[in-house]
Every structure is written in C-alpha cells, then in structure tokens.
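**Q** Can you read through this structure? Questions will come right after.
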Amino acid sequence: MSVSGNAATGKLSPERALSGPQRDLLQRVISFCECHRQDDSALFIIEGAAGTGKSVVLNAIFNTLQTRARNGSPADPLKGLRNMLIVNHPEMLKLYRNIATTMPNLRKSDYERPTTFINKSAKTGQRADIVLVDEAHLLLTRPDRYNHFSQQNHLEEILRWARIVVVVFDPLQVLKFKSHWSSDLLESFRKDRPSETFHLKTQFRVAASAATCSWIDALGQGKILPRPIDPRFDLRIYDDCAKLYADLRACNAKYGLCRLLSTYDYPYTLNGDDHFITEGDFHLRWDRSLPSEKLPWAERPDTIDEVGSVYTIQGFDLNYAGVILGPSLFYDAEHDRIGVRPERYEDSAAFQGRDGIAAPEEAKKRVILNALNVILTRGIHGLFLYAHDPALRARLLKR
C-alpha cells in the first residue's frame with residue numbers, strides 16, 4: 001500500500017484505467033449523447049452502490065465530452081457543445097475542481113453546485129447541451145430557502161435547462177427528507193423523453209472477500225450476519241473506543257488516509273465552536289467546517305485529530321475507516337438486528353420537510369441506516385467498529 005497513491009485526485013482522474021463495464025458505460029453514454037444531441041430532452045441514469053466506481057467513470061465521460069467539445073474536428077457531432085458537471089456536495093466539488101487544474105480540456109468553471117447552475121441558467125435563459133450530475137441522490141426534491149432554491153425539484157429544473165442529463169444515483173445514499181427520492185419519483189422523469197439506465201455492480205473500493213462485502217452491506221441495512229474471517233481485509237470490533245482510535249492512528253502513520261467516522265448521534269452546531277464526541281476514555285472533536293480549505297476533509301493531514309461525519313466523507317475512499325455506531329443504534333435482541341432510535345439522531349436538519357413523505361417515522365429510520373451504509377463502505381483495506389450500545393457491542397464481538 002503506497003502513501004503516495006492516496007490522493008483522491010489520482011483516484012478520480014479521467015486518466016485512470018477503467019474496467020470493462022466502466023468502458024462499456026462510457027461508450028454507451030457517449031453514443032447516447034451523439035444520438036440525442038438535437039433532442040429537446042433526454043435522460044441517462046447510472047445506478048450503483050457505494051464503491052462501484054460511479055464518480056470515476058463519470059469524470060472520464062466528462063473529460064471525453066469536453067475534449068471533443070473543445071478539440072474535436074468540425075464534423076464531430078459533439079464539437080462546440082456547452083457541457084457541465086454538477087454535484088451537490090462541497091467536498092466533492094473541491095475535488096473535481098482540483099482535478100480540472102491537471103487536465104488540458106477541463107476547467108474549474110465546468111463544475112458547479114446544482115442550485116447555482118439552475119439559478120444562473122434562469123437568469124441568462126441559456127440552456128446547456130449536456131449536464132452530468134454526480135451524487136444525484138443528494139439533489140433536492142423540495143424547496144430549500146436556506147440554500148436559495150425556490151423551485152420544487154433539482155432534477156426537474158436541470159432537465160429544463162439542459163438537453164441531455166446524465167445522473168449517477170444510489171437510493172441507499174439518500175440522507176435527508178428534502179432529498180427524499182423514491183423509485184417512483186425518479187422513474188417519473190423518464191416518461192415522455194428518451195432514456196436509458198445502466199447498472200454498475202462490481203465493487204472497486206472495499207478490497208475484501210465476497211463474504212466480508214456481504215457482511216458490511218448487511219450491517220448497513222441493520223442485519224447482523226456471521227462475521228467472516230478474511231485475510232484480505234482487516235475487520236475489527238472493539239470494546240474500547242480509545243483503543244480503536246490508537247490503532248487507527250498507528251495505521252495512519254504507516255499507510256496514511258485513515259480516518260475516524262461516526263453516525264450523527266452527538267451534538268454538533270455550525271457556530272464556529274468545537275464540539276466533541278466522548279465514549280469512555282475517548283474524547284475527540286467533530287470535524288471543523290472549513291469551506292476555504294483547498295483539500296477535501298479526508299485528505300487533510302490534521303483531520304486524523306477529528307471525527308468525520310457522513311457529510312465530510314461521502315464519495316471518498318479511505319485506506320482504513322474507524323466507525324463509531326452512536327446512540328441512535330441499539331441491539332434489537334428480539335429480531336437479532338440493529339434497531340434505530342430516530343429521537344437520538346442529532347442531525348435534525350435531516351428530518352425537516354416531511355410533507356409528502358409516507359410513513360415519516362420509517363423514513364427517518366431509513367435515512368439513519370443510509371448514513372450508516374455510507375460510512376461503513378469507506379475503507380479499502382480495513383474497518384474498525386465500536387458501538388455505543390453495550391448490547392450491540394457484545395453482539396458484534398460475538399463470533
């Protein structure tokens with residue numbers, strides 16, 4: 001494992017070699033764009049779980065589009081098109097713009113947040129030709145005055161202001177009521193316009209056996225399977241959070257890119273102060289909000305001294321991930337699974353805007369498990385777990 005290979009800019013670079021399915025997807029999307037470039041509206045949906053290489057192939061697609069738009073021959077059907085890549089995730093936006101500085105046909109201005117793109121388009125009245133949307137499960141599905149979005153749905157507006165839209169989507173990464181995407185809602189946007197769907201299935205991030213990947217995926221759904229023994233992947237359960245953190249720091253000193261994460265179960269406010277997580281002898285601050293930092297949270301060396309949330313780590317790889325399962329998660333002995341207590345979840349903003357959501361209490365549990373799924377699937381080579389609930393801790397320690 002090379003520390004020099006830890007940079008996310010290299011992992012997401014358009015120059016990175018693609019797998020067979022990723023190359024097939026790239027060709028499918030390019031052909032779709034060539035075919036529908038003069039249509040009024042077309043939609044291509046890329047679906048895939050965490051770690052299936054969605055962002056890698058999306059940036060490779062975008063680089064191909066921009067290279068042909070800017071340097072293609074006069075006869076090229078994609079020559080001269082105005083294209084954008086948008087993502088509703090400030091840390092991912094930083095990463096994309098950092099990569100753009102290393103590529104001859106990409107510019108920082110090619111990347112934008114969805115609300116900014118929509119509002120600029122509405123002001124100028126100018127449509128884009130092709131818009132790629134990463135992390136489309138983070139798009140808003142209702143107005144959000146705090147983020148200056150007054151319309152009803154991000155995707156609806158993006159389709160209004162682009163001829164062709166390509167979205168990357170994972171329903172298990174929806175984290176807020178205001179980004180609540182049902183399969184029916186996404187499907188409704190395919191009606192009355194040309195559309196295609198492509199499913200990415202191969203796991204590229206977690207370098208583990210199929211049994212270990214299944215164990216992690218099941219845990220993210222609240223299910224507790226028999227814990228596998230896997231010489232390829234370092235899976236550890238801890239009874240002491242301070243010991244977990246000490247071991248994680250040792251891994252970080254050796255390999256780099258090891259970070260501690262937690263479910264959003266400990267108080268945190270964006271007021272400029274530090275806020276801490278305490279578990280026994282363990283005491284460490286939450287991640288600090290530093291929008292002006294050039295590097296994403298996961299890549300800054302100082303963040304080994306912080307606990308990251310789902311919002312700072314979503315979309316990023318780690319070599320080793322330490323994960324604290326906080327007070328919203330407990331052991332449901334009757335059903336031998338992880339139970340969820342939404343009243344202990346500290347991300348109150350996640351549950352704002354429940355209008356139109358069927359069974360909101362169940363939807364809250366789904367959001368919490370989605371966030372758990374995201375942080376469990378960050379580690380490439382290892383996952384260290386600690387549970388706040390003693391009964392859940394004991395159950396996970398049991399072989």
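Following the order of the structure tokens, first chain is A, next is B, and so on, with residues numbered from 1 inside each chain and ligands from 1 in the order they appear.
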So which residues touch stretch 230-246 of chain A within 10 Å, counting only C-alpha atoms, skipping near sequence neighbours fewer than 2 positions away, as a PyMOL selection string?

**A** chain A and resi 206-213+216+227-228+248-252+259-260+278-284+304-305+320-324+379-388+390+393-394+396-398

**Q** Which neighbours of A:Arg205 fall inside 12 Å, counting only C-alpha atoms, when residues of the same chain fewer than 6 positions from it are skipped, and could you give them as an MDAnalysis selection string?

**A** chainID A and resid 11 49:56 213 233 315:320 376:382

**Q** Would you please give, as a list of chain:residue names, all residues of stretch 84-189 of chain A that DSSP assigns to strand (DSSP E) based on the backbone?

**A**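 For stretch 84-189 of chain A, the strand (DSSP E) set is A:Met84, A:Leu85, A:Ile86, A:Val87, A:Tyr111, A:Glu112, A:Ala128, A:Asp129, A:Ile130, A:Val131, A:Leu132, A:Val133, A:Asp134, A:Ala162, A:Arg163, A:Ile164, A:Val165, A:Val166, A:Val167, A:Val168, A:Phe169.
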
**Q** What's the 10 Å shell around A:Cys33, counting only C-alpha atoms, without same-chain residues fewer than 3 positions away, as a list in words?

**A**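 Using only C-alpha atoms, the neighbours found are Gln27, Arg28, Val29, Ile30, His36, Arg37, Gln38, Asp39, Ala42, Leu43, Phe44, Leu65, Pro77, Leu78, Asp129, Ile130, Arg163, Ile164, Val165 and Val166 of chain A.
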
**Q** So that I can see what lies close to A:Glu187, please list as a VMD selection string the residues with an atom at most 12 Å from it, counting only C-alpha atoms and leaving out residues fewer than 3 positions away in the same chain.

**A** chain A and resid 43 to 45 155 169 181 to 184 190 to 193 195 to 197

**Q** With only C-alpha atoms as the counted atoms, please give the residues lying no more than 10 Å from A:Lys94, apart from itself and same-chain residues fewer than 6 positions off, as a PyMOL selection string.

**A** chain A and resi 100+108+111-112+291-296

**Q** Please save N, CA and C atoms of the selected residues as a compact mmCIF listing (two decimals), in the first residue's frame.

**A**
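Dumped everything to again_8.txt:
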# COMPACT_ATOMS: atom_id res chain seq x y z
N ALA A 100 -9.47 19.39 -12.31
CA ALA A 100 -9.55 20.18 -13.55
C ALA A 100 -8.27 20.95 -13.83
N LYS A 108 -12.06 24.72 -14.11
CA LYS A 108 -12.79 24.80 -12.84
C LYS A 108 -14.23 25.23 -13.04
N TYR A 111 -17.48 22.92 -13.44
CA TYR A 111 -18.09 22.20 -12.32
C TYR A 111 -18.87 23.19 -11.45
N GLU A 112 -20.05 22.78 -11.00
CA GLU A 112 -20.88 23.71 -10.24
C GLU A 112 -21.83 22.95 -9.32
N PRO A 291 -14.73 25.67 4.79
CA PRO A 291 -15.01 25.71 3.35
C PRO A 291 -13.86 26.27 2.52
N SER A 292 -13.02 27.10 3.13
CA SER A 292 -11.94 27.72 2.37
C SER A 292 -10.76 26.79 2.12
N GLU A 293 -10.71 25.65 2.82
CA GLU A 293 -9.62 24.70 2.63
C GLU A 293 -9.66 24.14 1.21
N LYS A 294 -8.51 24.08 0.56
CA LYS A 294 -8.45 23.59 -0.82
C LYS A 294 -8.64 22.08 -0.87
N LEU A 295 -8.03 21.36 0.07
CA LEU A 295 -8.13 19.90 0.06
C LEU A 295 -9.42 19.45 0.73
N PRO A 296 -10.02 18.36 0.25
CA PRO A 296 -11.18 17.78 0.94
C PRO A 296 -10.79 17.29 2.33

**Q** Which value, in Å to one decimal, gives the distance between atom CA of A:His199 and atom CA of A:Cys35?

**A**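 Spanning atom CA of A:His199 to atom CA of A:Cys35 is a straight-line distance of 20.4 Å.
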
**Q** Quick one, how far is atom CA of A:Asn370 from atom CA of A:Val87?

**A**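 Computing it gives 18.8 Å between the two atoms.
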
**Q** Report as a list in words all protein, DNA and RNA residues lying within 9 Å of A:Asn83, evaluated on only C-alpha atoms, omitting residues in the same chain fewer than 5 positions from it.

**A**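 Close residues of A:Asn83: Phe62, Leu65, Gln66, Ala69, Asp110, Ala128, Asp129, Ile130, Val131, Leu132 and Ala162 of chain A.
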
**Q** Could you check how far atom CA of A:Asn119 sits from atom CA of A:Arg160, in Å to one decimal?

**A**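 Atom-to-atom, atom CA of A:Asn119 to atom CA of A:Arg160, that is 11.8 Å.
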
**Q** Taking only C-alpha atoms into account, name the residue in A:Asp170, A:Asp134, A:Glu47, A:Glu15 that is nearest to A:Asn373.

**A** A:Asp170
